[in-house]
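The file final.cif comes next; it holds mmCIF, C-alpha atoms.
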```
data_data
loop_
_atom_site.label_atom_id
_atom_site.label_comp_id
_atom_site.auth_asym_id
_atom_site.auth_seq_id
_atom_site.Cartn_x
_atom_site.Cartn_y
_atom_site.Cartn_z
CA MET C 1 -12.42 -12.34 -26.39
CA SER C 2 -13.48 -9.72 -23.84
CA LEU C 3 -16.18 -10.16 -21.21
CA PHE C 4 -18.28 -7.57 -23.04
CA ARG C 5 -18.12 -9.45 -26.34
CA ARG C 6 -19.05 -12.78 -24.71
CA THR C 7 -22.10 -11.37 -22.91
CA LEU C 8 -23.21 -8.81 -25.49
CA PRO C 9 -26.02 -10.85 -27.15
CA ALA C 10 -27.81 -11.48 -23.85
CA LEU C 11 -27.26 -7.94 -22.62
CA ARG C 12 -28.62 -6.40 -25.80
CA ALA C 13 -31.78 -8.47 -25.42
CA LEU C 14 -32.16 -7.25 -21.85
CA SER C 15 -31.29 -3.59 -22.34
CA ARG C 16 -33.92 -0.94 -22.78
CA SER C 17 -34.38 0.31 -26.35
CA SER C 18 -32.85 3.67 -25.48
CA ILE C 19 -29.65 1.91 -24.48
CA GLN C 20 -29.71 -0.36 -27.53
CA ASN C 21 -29.75 2.67 -29.79
CA SER C 22 -27.14 4.68 -27.90
CA ASP C 23 -23.63 5.39 -29.18
CA ALA C 24 -20.39 6.64 -27.61
CA SER C 25 -20.96 10.17 -28.87
CA SER C 26 -23.89 10.65 -26.46
CA LEU C 27 -23.05 10.70 -22.79
CA ARG C 28 -24.69 7.83 -20.95
CA VAL C 29 -24.96 8.27 -17.19
CA ALA C 30 -24.58 4.97 -15.37
CA GLY C 31 -27.82 4.22 -13.60
CA CYS C 32 -31.23 2.60 -13.97
CA SER C 33 -34.78 3.54 -13.01
CA ASP C 34 -36.26 0.18 -14.06
CA PRO C 35 -34.22 -2.64 -12.45
CA ILE C 36 -33.94 -5.81 -14.50
CA THR C 37 -35.14 -8.89 -12.60
CA HIS C 38 -33.11 -12.10 -12.30
CA ASP C 39 -35.85 -13.95 -14.21
CA LYS C 40 -34.88 -12.01 -17.32
CA LEU C 41 -31.20 -12.94 -16.90
CA SER C 42 -31.46 -16.71 -17.25
CA ASP C 43 -29.47 -16.68 -20.48
CA THR C 44 -26.49 -14.93 -18.84
CA GLY C 45 -25.95 -17.94 -16.54
CA VAL C 46 -23.34 -17.55 -13.83
CA LEU C 47 -22.93 -13.84 -14.63
CA SER C 48 -26.30 -12.95 -13.09
CA ARG C 49 -25.43 -14.73 -9.83
CA LYS C 50 -22.29 -12.68 -9.19
CA LYS C 51 -22.57 -9.86 -6.66
CA GLY C 52 -19.43 -7.94 -7.58
CA PHE C 53 -17.24 -7.33 -10.61
CA VAL C 54 -13.66 -6.12 -11.02
CA ILE C 55 -13.35 -4.81 -14.57
CA ASP C 56 -10.13 -4.28 -16.51
CA MET C 57 -10.01 -1.23 -18.77
CA ASP C 58 -7.25 -1.31 -21.40
CA GLY C 59 -8.36 -3.61 -24.19
CA VAL C 60 -11.56 -4.52 -22.33
CA VAL C 61 -13.55 -1.29 -21.98
CA TYR C 62 -11.69 0.60 -24.69
CA HIS C 63 -8.85 0.53 -27.19
CA GLY C 64 -7.11 3.90 -27.09
CA SER C 65 -9.89 6.43 -27.71
CA ARG C 66 -12.46 3.90 -28.93
CA LEU C 67 -15.09 2.43 -26.59
CA LEU C 68 -15.52 -1.28 -27.24
CA PRO C 69 -18.91 -2.77 -28.18
CA GLY C 70 -21.04 -3.82 -25.22
CA ALA C 71 -19.38 -1.57 -22.63
CA ILE C 72 -22.32 0.78 -22.18
CA GLU C 73 -24.84 -2.07 -22.09
CA PHE C 74 -22.79 -4.00 -19.55
CA ILE C 75 -22.34 -1.09 -17.14
CA ASP C 76 -26.04 -0.29 -17.45
CA TRP C 77 -26.83 -3.93 -16.58
CA LEU C 78 -24.60 -3.70 -13.49
CA GLU C 79 -26.35 -0.52 -12.35
CA CYS C 80 -29.83 -1.86 -13.05
CA ASN C 81 -29.20 -4.96 -10.98
CA ASP C 82 -27.45 -3.25 -8.06
CA LYS C 83 -24.16 -5.04 -8.70
CA GLN C 84 -20.99 -3.81 -7.03
CA TYR C 85 -18.26 -3.02 -9.54
CA LEU C 86 -14.85 -1.42 -9.79
CA PHE C 87 -12.61 -0.58 -12.71
CA LEU C 88 -9.09 -1.87 -12.06
CA THR C 89 -6.36 -0.98 -14.53
CA ASN C 90 -2.74 -2.04 -14.52
CA SER C 91 -1.86 1.23 -16.19
CA SER C 92 -0.36 3.79 -13.82
CA GLU C 93 -0.47 6.77 -16.18
CA LYS C 94 -3.76 8.44 -15.20
CA THR C 95 -5.31 9.66 -11.96
CA LYS C 96 -8.85 8.64 -10.97
CA ARG C 97 -10.15 11.96 -12.28
CA GLU C 98 -8.41 11.47 -15.62
CA LEU C 99 -9.83 7.95 -15.93
CA ARG C 100 -13.33 9.24 -15.19
CA GLU C 101 -12.90 12.05 -17.73
CA LYS C 102 -11.68 9.61 -20.38
CA LEU C 103 -14.78 7.42 -20.01
CA SER C 104 -16.91 10.55 -20.05
CA ARG C 105 -15.36 11.61 -23.38
CA LEU C 106 -16.09 8.13 -24.73
CA GLY C 107 -19.74 8.43 -23.74
CA LEU C 108 -20.01 6.83 -20.29
CA ALA C 109 -20.34 8.75 -17.02
CA VAL C 110 -19.09 6.80 -13.99
CA ASP C 111 -18.34 8.03 -10.46
CA GLU C 112 -14.68 8.69 -9.68
CA ASP C 113 -14.66 6.28 -6.75
CA ARG C 114 -15.27 3.40 -9.19
CA PHE C 115 -11.65 3.51 -10.39
CA HIS C 116 -8.50 1.95 -8.98
CA SER C 117 -5.13 1.74 -10.69
CA SER C 118 -1.74 0.13 -10.23
CA ALA C 119 -0.44 3.60 -9.33
CA GLU C 120 -2.64 3.75 -6.21
CA ALA C 121 -1.91 0.12 -5.40
CA THR C 122 1.83 0.75 -5.67
CA ALA C 123 1.64 3.85 -3.46
CA SER C 124 -0.41 1.97 -0.83
CA PHE C 125 2.02 -0.92 -0.89
CA LEU C 126 5.03 1.39 -0.49
CA ARG C 127 3.40 3.18 2.43
CA SER C 128 2.71 -0.11 4.23
CA GLN C 129 6.18 -1.43 3.41
CA TYR C 130 7.85 1.76 4.57
CA GLU C 131 5.94 1.68 7.85
CA VAL C 132 7.25 -1.84 8.47
CA ASP C 133 10.81 -0.78 7.66
CA THR C 134 10.71 2.24 9.96
CA THR C 135 9.24 0.15 12.78
CA GLU C 136 12.10 -2.29 12.39
CA GLY C 137 14.60 0.58 12.34
CA LYS C 138 15.74 0.05 8.77
CA LYS C 139 15.08 3.61 7.60
CA GLY C 140 16.63 5.69 10.32
CA GLY C 141 13.64 6.01 12.63
CA SER C 142 10.32 7.84 12.54
CA HIS C 143 11.89 11.21 11.68
CA HIS C 144 13.03 9.95 8.29
CA THR C 145 10.74 10.91 5.40
CA GLY C 146 10.28 8.22 2.76
CA SER C 147 11.39 9.14 -0.74
CA CYS C 148 11.23 7.72 -4.25
CA TYR C 149 12.83 8.16 -7.63
CA VAL C 150 9.89 7.80 -10.00
CA ILE C 151 9.81 7.16 -13.73
CA GLY C 152 6.19 7.51 -14.74
CA GLU C 153 3.29 9.79 -15.57
CA ALA C 154 0.96 12.04 -13.55
CA GLY C 155 -1.12 9.19 -12.13
CA LEU C 156 1.88 7.54 -10.51
CA MET C 157 3.49 10.78 -9.37
CA HIS C 158 0.25 11.94 -7.76
CA ALA C 159 -0.32 8.63 -5.97
CA ILE C 160 3.24 8.59 -4.60
CA TYR C 161 2.91 12.16 -3.31
CA MET C 162 -0.48 11.43 -1.73
CA ALA C 163 1.03 8.44 0.07
CA GLY C 164 3.43 10.84 1.83
CA PHE C 165 6.61 10.27 -0.15
CA SER C 166 8.90 12.94 -1.56
CA MET C 167 10.86 12.79 -4.81
CA ASN C 168 14.57 12.08 -4.54
CA ASP C 169 17.12 11.45 -7.29
CA VAL C 170 20.11 11.19 -4.94
CA SER C 171 19.38 8.64 -2.20
CA PRO C 172 15.78 7.39 -2.44
CA ASP C 173 14.35 4.46 -0.55
CA TYR C 174 12.66 3.17 -3.70
CA VAL C 175 13.02 3.39 -7.46
CA VAL C 176 9.49 3.15 -8.86
CA ILE C 177 8.77 2.63 -12.55
CA GLY C 178 5.47 2.69 -14.42
CA GLU C 179 4.27 3.39 -17.94
CA THR C 180 5.58 6.56 -19.51
CA ARG C 181 6.35 8.05 -22.91
CA ASN C 182 9.23 10.02 -21.40
CA TYR C 183 11.73 7.20 -20.91
CA ASP C 184 15.29 7.90 -21.97
CA PHE C 185 18.92 6.86 -21.48
CA GLU C 186 19.49 9.36 -18.66
CA LYS C 187 16.54 8.09 -16.59
CA MET C 188 17.61 4.49 -17.17
CA GLU C 189 21.15 5.34 -16.06
CA THR C 190 19.93 7.18 -12.94
CA ALA C 191 17.56 4.40 -11.94
CA ALA C 192 20.27 1.75 -12.29
CA ARG C 193 22.76 3.80 -10.29
CA LEU C 194 20.30 4.35 -7.44
CA VAL C 195 19.35 0.67 -7.31
CA ARG C 196 23.02 -0.28 -7.15
CA LYS C 197 23.36 2.14 -4.22
CA GLY C 198 20.64 0.29 -2.31
CA ALA C 199 17.24 1.62 -3.41
CA ARG C 200 14.58 -1.06 -3.81
CA LEU C 201 13.27 -1.54 -7.33
CA ILE C 202 9.47 -1.44 -7.67
CA GLY C 203 7.31 -1.89 -10.76
CA THR C 204 3.68 -0.86 -11.02
CA ASN C 205 2.97 -4.00 -13.06
CA ILE C 206 4.73 -6.80 -14.88
CA ASP C 207 3.04 -6.26 -18.25
CA ILE C 208 5.50 -6.13 -21.15
CA VAL C 209 3.13 -4.53 -23.66
CA ASP C 210 -0.19 -2.68 -23.63
CA PRO C 211 -2.80 -2.62 -26.42
CA SER C 212 -3.47 0.59 -28.34
CA GLU C 213 -5.23 1.70 -31.50
CA ARG C 214 -1.88 1.58 -33.32
CA GLY C 215 -0.94 -1.85 -31.99
CA ILE C 216 1.17 -2.75 -28.98
CA ILE C 217 3.15 -0.22 -26.92
CA PRO C 218 5.77 -0.79 -24.18
CA ALA C 219 4.35 -1.29 -20.68
CA ALA C 220 6.03 -1.11 -17.28
CA GLY C 221 7.66 -4.54 -17.50
CA ALA C 222 9.47 -3.58 -20.68
CA LEU C 223 10.80 -0.38 -19.09
CA LEU C 224 12.00 -2.22 -15.99
CA ALA C 225 13.81 -4.98 -17.88
CA PRO C 226 16.95 -2.91 -18.68
CA ILE C 227 17.26 -1.84 -15.02
CA GLU C 228 17.03 -5.44 -13.86
CA LEU C 229 19.63 -6.51 -16.41
CA MET C 230 22.01 -3.66 -15.53
CA THR C 231 21.82 -4.16 -11.77
CA GLY C 232 21.04 -7.83 -11.28
CA ALA C 233 18.16 -6.74 -9.05
CA LYS C 234 14.72 -8.25 -9.40
CA ALA C 235 11.88 -5.75 -9.20
CA TYR C 236 8.83 -6.28 -7.02
CA TYR C 237 5.74 -5.88 -9.20
CA VAL C 238 2.59 -4.67 -7.45
CA GLY C 239 -0.14 -4.79 -10.11
CA LYS C 240 -2.06 -7.74 -11.53
CA PRO C 241 -1.56 -10.70 -11.36
CA ASN C 242 -0.02 -10.06 -7.92
CA PRO C 243 -2.89 -10.82 -5.48
CA ILE C 244 -1.76 -7.95 -3.26
CA VAL C 245 -3.49 -5.51 -5.63
CA PHE C 246 -6.83 -7.02 -4.62
CA ILE C 247 -5.98 -6.98 -0.91
CA ILE C 248 -5.17 -3.26 -1.16
CA LEU C 249 -8.52 -2.41 -2.85
#
```
Can you present the structure in this file as structure tokens?
Amino acid sequence: MSLFRRTLPALRALSRSSIQNSDASSLRVAGCSDPITHDKLSDTGVLSRKKGFVIDMDGVVYHGSRLLPGAIEFIDWLECNDKQYLFLTNSSEKTKRELREKLSRLGLAVDEDRFHSSAEATASFLRSQYEVDTTEGKKGGSHHTGSCYVIGEAGLMHAIYMAGFSMNDVSPDYVVIGETRNYDFEKMETAARLVRKGARLIGTNIDIVDPSERGIIPAAGALLAPIELMTGAKAYYVGKPNPIVFIIL
């Protein structure tokens, strides 16, 4: 059961009538002009005493293109009570802008800086790891430009580029794999060959499946499994539950 479903009864009692009657078809801007006092939150228990929240997205805020019950009320409660919060998704498919636009289409307007994904976490980790390797002389010195062979969508590609890496399907430093609908035999073969040549295998997250409106769909862990089996290499997974994703935030 999601956090929203567990807290929904109390939040509905606390929310203003305009929020109670809202639906996902009407854009709701996160914010509050009438802060809710802690006295009115006694029935939410430990929730009201928390100062910050890290909120998953897939299967928690929405399923596919459907906003889950309680999401709007919960975010409004966070805003009204000056709580710090961040959306953290293990999915690496979308950029921050795309995540913001998706919530906007579902009826909730949230600032872009509220989002963090496994794509950004992976790119940050690779940048820090690469800096260590170059300092230790493992990558040919400071004149060498880090490169990756990436199997993934726009969110992961963008994050890798922004971290200063180039794309390389011949001799990359890293093979990085995240969620994608464009996974095929050729990409699997290329990834395995590059790992066997010495590239380090990196996964955006260890999840085997993701929820969707149609049921489960393959996640990064499922796409990495054949590469691990073919090469004998064990991927390093950056996303949740790896605590490094929270250190990078």
Starting from the shown file, work through the PyMOL selection byres ((chain C and resi 217) around 12) and note down what comes out as number ranges by chain.
-> C: 58, 64, 91, 179-181, 207-216, 218-223
Option closest in space to C:Met188, from C:Asp82, C:Glu228, C:Glu131, C:Asp111 [counting all atoms listed in the file] |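 Closest candidate: C:Glu228.
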What is the distance, in Å and to one decimal place, between atom CA of C:Arg49 and atom CA of C:Phe246?
->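 Separation between atom CA of C:Arg49 and atom CA of C:Phe246: 20.8 Å.
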Residue among C:Leu67, C:Ala235, C:Met230, C:Ala191 lying closest to C:Asn205, counting all atoms listed in the file =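 Of all the options, C:Ala235 lies closest to C:Asn205.
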Could you tell me which residues the PyMOL selection byres ((chain C and resi 242) around 12) grabs in this file, written as an MDAnalysis selection string?
-> chainID C and resid 90 118 121:122 125 203:207 236:241 243:248
Atoms to include: C-alpha atoms. Write the selected residues as an mmCIF file, in the frame of the given file.
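The resulting file, result.cif, is reproduced below:
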```cif
data_model
loop_
_atom_site.group_PDB
_atom_site.id
_atom_site.type_symbol
_atom_site.label_atom_id
_atom_site.label_comp_id
_atom_site.auth_asym_id
_atom_site.auth_seq_id
_atom_site.Cartn_x
_atom_site.Cartn_y
_atom_site.Cartn_z
ATOM 1 C CA ASN C 90 -2.740 -2.040 -14.520
ATOM 2 C CA SER C 118 -1.740 0.130 -10.230
ATOM 3 C CA ALA C 121 -1.910 0.120 -5.400
ATOM 4 C CA THR C 122 1.830 0.750 -5.670
ATOM 5 C CA PHE C 125 2.020 -0.920 -0.890
ATOM 6 C CA GLY C 203 7.310 -1.890 -10.760
ATOM 7 C CA THR C 204 3.680 -0.860 -11.020
ATOM 8 C CA ASN C 205 2.970 -4.000 -13.060
ATOM 9 C CA ILE C 206 4.730 -6.800 -14.880
ATOM 10 C CA ASP C 207 3.040 -6.260 -18.250
ATOM 11 C CA TYR C 236 8.830 -6.280 -7.020
ATOM 12 C CA TYR C 237 5.740 -5.880 -9.200
ATOM 13 C CA VAL C 238 2.590 -4.670 -7.450
ATOM 14 C CA GLY C 239 -0.140 -4.790 -10.110
ATOM 15 C CA LYS C 240 -2.060 -7.740 -11.530
ATOM 16 C CA PRO C 241 -1.560 -10.700 -11.360
ATOM 17 C CA PRO C 243 -2.890 -10.820 -5.480
ATOM 18 C CA ILE C 244 -1.760 -7.950 -3.260
ATOM 19 C CA VAL C 245 -3.490 -5.510 -5.630
ATOM 20 C CA PHE C 246 -6.830 -7.020 -4.620
ATOM 21 C CA ILE C 247 -5.980 -6.980 -0.910
ATOM 22 C CA ILE C 248 -5.170 -3.260 -1.160
#
```
Around stretch 198-202 of chain C, fit a box with edges along x, y and z, padding it by 4 Å on each side, then list its centre and edge lengths in Å to one decimal as JSON.
```
{"center_x": 15.1, "center_y": 0.0, "center_z": -5.0, "size_x": 19.2, "size_y": 11.2, "size_z": 13.4}
```
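Checking C:Ala233, C:Asp173, C:Leu224, C:Ala163 one by one against C:Arg196, counting all atoms listed in the file, you find the shortest gap at C:Ala233.
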If I only have part of stretch 218-229 of chain C, can you fill in all heavy atoms and write it as a PDB file, keeping the file's coordinate frame?
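Output saved as out17.pdb:
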```pdb
ATOM      1  N   PRO C 218       5.051  -0.278 -25.351  1.00  0.00           N
ATOM      2  CA  PRO C 218       5.770  -0.790 -24.180  1.00  0.00           C
ATOM      3  C   PRO C 218       5.009  -0.484 -22.883  1.00  0.00           C
ATOM      4  O   PRO C 218       4.483   0.614 -22.695  1.00  0.00           O
ATOM      5  CB  PRO C 218       7.098  -0.016 -24.214  1.00  0.00           C
ATOM      6  CG  PRO C 218       7.224   0.482 -25.611  1.00  0.00           C
ATOM      7  CD  PRO C 218       5.831   0.735 -26.093  1.00  0.00           C
ATOM      8  N   ALA C 219       4.958  -1.474 -22.009  1.00  0.00           N
ATOM      9  CA  ALA C 219       4.350  -1.290 -20.680  1.00  0.00           C
ATOM     10  C   ALA C 219       5.454  -1.302 -19.628  1.00  0.00           C
ATOM     11  O   ALA C 219       6.655  -1.352 -19.954  1.00  0.00           O
ATOM     12  CB  ALA C 219       3.325  -2.382 -20.424  1.00  0.00           C
ATOM     13  N   ALA C 220       5.062  -1.272 -18.366  1.00  0.00           N
ATOM     14  CA  ALA C 220       6.030  -1.110 -17.280  1.00  0.00           C
ATOM     15  C   ALA C 220       7.103  -2.195 -17.269  1.00  0.00           C
ATOM     16  O   ALA C 220       8.282  -1.923 -17.035  1.00  0.00           O
ATOM     17  CB  ALA C 220       5.299  -1.062 -15.937  1.00  0.00           C
ATOM     18  N   GLY C 221       6.691  -3.446 -17.523  1.00  0.00           N
ATOM     19  CA  GLY C 221       7.660  -4.540 -17.500  1.00  0.00           C
ATOM     20  C   GLY C 221       8.782  -4.364 -18.493  1.00  0.00           C
ATOM     21  O   GLY C 221       9.942  -4.708 -18.219  1.00  0.00           O
ATOM     22  N   ALA C 222       8.456  -3.819 -19.651  1.00  0.00           N
ATOM     23  CA  ALA C 222       9.470  -3.580 -20.680  1.00  0.00           C
ATOM     24  C   ALA C 222      10.446  -2.479 -20.255  1.00  0.00           C
ATOM     25  O   ALA C 222      11.634  -2.525 -20.582  1.00  0.00           O
ATOM     26  CB  ALA C 222       8.805  -3.206 -21.999  1.00  0.00           C
ATOM     27  N   LEU C 223       9.944  -1.485 -19.532  1.00  0.00           N
ATOM     28  CA  LEU C 223      10.800  -0.380 -19.090  1.00  0.00           C
ATOM     29  C   LEU C 223      11.681  -0.786 -17.919  1.00  0.00           C
ATOM     30  O   LEU C 223      12.771  -0.219 -17.724  1.00  0.00           O
ATOM     31  CB  LEU C 223       9.931   0.820 -18.706  1.00  0.00           C
ATOM     32  CG  LEU C 223       8.946   1.322 -19.774  1.00  0.00           C
ATOM     33  CD1 LEU C 223       8.256   2.594 -19.298  1.00  0.00           C
ATOM     34  CD2 LEU C 223       9.651   1.568 -21.100  1.00  0.00           C
ATOM     35  N   LEU C 224      11.219  -1.752 -17.134  1.00  0.00           N
ATOM     36  CA  LEU C 224      12.000  -2.220 -15.990  1.00  0.00           C
ATOM     37  C   LEU C 224      13.083  -3.211 -16.386  1.00  0.00           C
ATOM     38  O   LEU C 224      14.100  -3.339 -15.694  1.00  0.00           O
ATOM     39  CB  LEU C 224      11.070  -2.862 -14.952  1.00  0.00           C
ATOM     40  CG  LEU C 224      10.445  -1.880 -13.965  1.00  0.00           C
ATOM     41  CD1 LEU C 224       9.019  -2.237 -13.650  1.00  0.00           C
ATOM     42  CD2 LEU C 224      11.276  -1.828 -12.699  1.00  0.00           C
ATOM     43  N   ALA C 225      12.879  -3.925 -17.483  1.00  0.00           N
ATOM     44  CA  ALA C 225      13.810  -4.980 -17.880  1.00  0.00           C
ATOM     45  C   ALA C 225      15.258  -4.507 -17.978  1.00  0.00           C
ATOM     46  O   ALA C 225      16.170  -5.191 -17.473  1.00  0.00           O
ATOM     47  CB  ALA C 225      13.350  -5.611 -19.195  1.00  0.00           C
ATOM     48  N   PRO C 226      15.545  -3.353 -18.610  1.00  0.00           N
ATOM     49  CA  PRO C 226      16.950  -2.910 -18.680  1.00  0.00           C
ATOM     50  C   PRO C 226      17.556  -2.649 -17.307  1.00  0.00           C
ATOM     51  O   PRO C 226      18.754  -2.899 -17.093  1.00  0.00           O
ATOM     52  CB  PRO C 226      16.870  -1.608 -19.493  1.00  0.00           C
ATOM     53  CG  PRO C 226      15.595  -1.716 -20.261  1.00  0.00           C
ATOM     54  CD  PRO C 226      14.658  -2.456 -19.368  1.00  0.00           C
ATOM     55  N   ILE C 227      16.744  -2.126 -16.373  1.00  0.00           N
ATOM     56  CA  ILE C 227      17.260  -1.840 -15.020  1.00  0.00           C
ATOM     57  C   ILE C 227      17.603  -3.146 -14.315  1.00  0.00           C
ATOM     58  O   ILE C 227      18.636  -3.248 -13.639  1.00  0.00           O
ATOM     59  CB  ILE C 227      16.220  -1.048 -14.197  1.00  0.00           C
ATOM     60  CG1 ILE C 227      15.647   0.116 -15.005  1.00  0.00           C
ATOM     61  CG2 ILE C 227      16.842  -0.563 -12.894  1.00  0.00           C
ATOM     62  CD1 ILE C 227      16.670   1.087 -15.516  1.00  0.00           C
ATOM     63  N   GLU C 228      16.746  -4.144 -14.475  1.00  0.00           N
ATOM     64  CA  GLU C 228      17.030  -5.440 -13.860  1.00  0.00           C
ATOM     65  C   GLU C 228      18.296  -6.053 -14.448  1.00  0.00           C
ATOM     66  O   GLU C 228      19.130  -6.606 -13.721  1.00  0.00           O
ATOM     67  CB  GLU C 228      15.831  -6.377 -14.072  1.00  0.00           C
ATOM     68  CG  GLU C 228      14.589  -5.973 -13.293  1.00  0.00           C
ATOM     69  CD  GLU C 228      13.434  -6.936 -13.499  1.00  0.00           C
ATOM     70  OE1 GLU C 228      13.228  -7.383 -14.658  1.00  0.00           O
ATOM     71  OE2 GLU C 228      12.743  -7.246 -12.513  1.00  0.00           O
ATOM     72  N   LEU C 229      18.453  -5.947 -15.756  1.00  0.00           N
ATOM     73  CA  LEU C 229      19.630  -6.510 -16.410  1.00  0.00           C
ATOM     74  C   LEU C 229      20.905  -5.788 -16.002  1.00  0.00           C
ATOM     75  O   LEU C 229      21.960  -6.405 -15.799  1.00  0.00           O
ATOM     76  CB  LEU C 229      19.456  -6.453 -17.931  1.00  0.00           C
ATOM     77  CG  LEU C 229      18.413  -7.401 -18.526  1.00  0.00           C
ATOM     78  CD1 LEU C 229      18.182  -7.081 -19.995  1.00  0.00           C
ATOM     79  CD2 LEU C 229      18.854  -8.848 -18.363  1.00  0.00           C
TER      80      LEU C 229
END
```
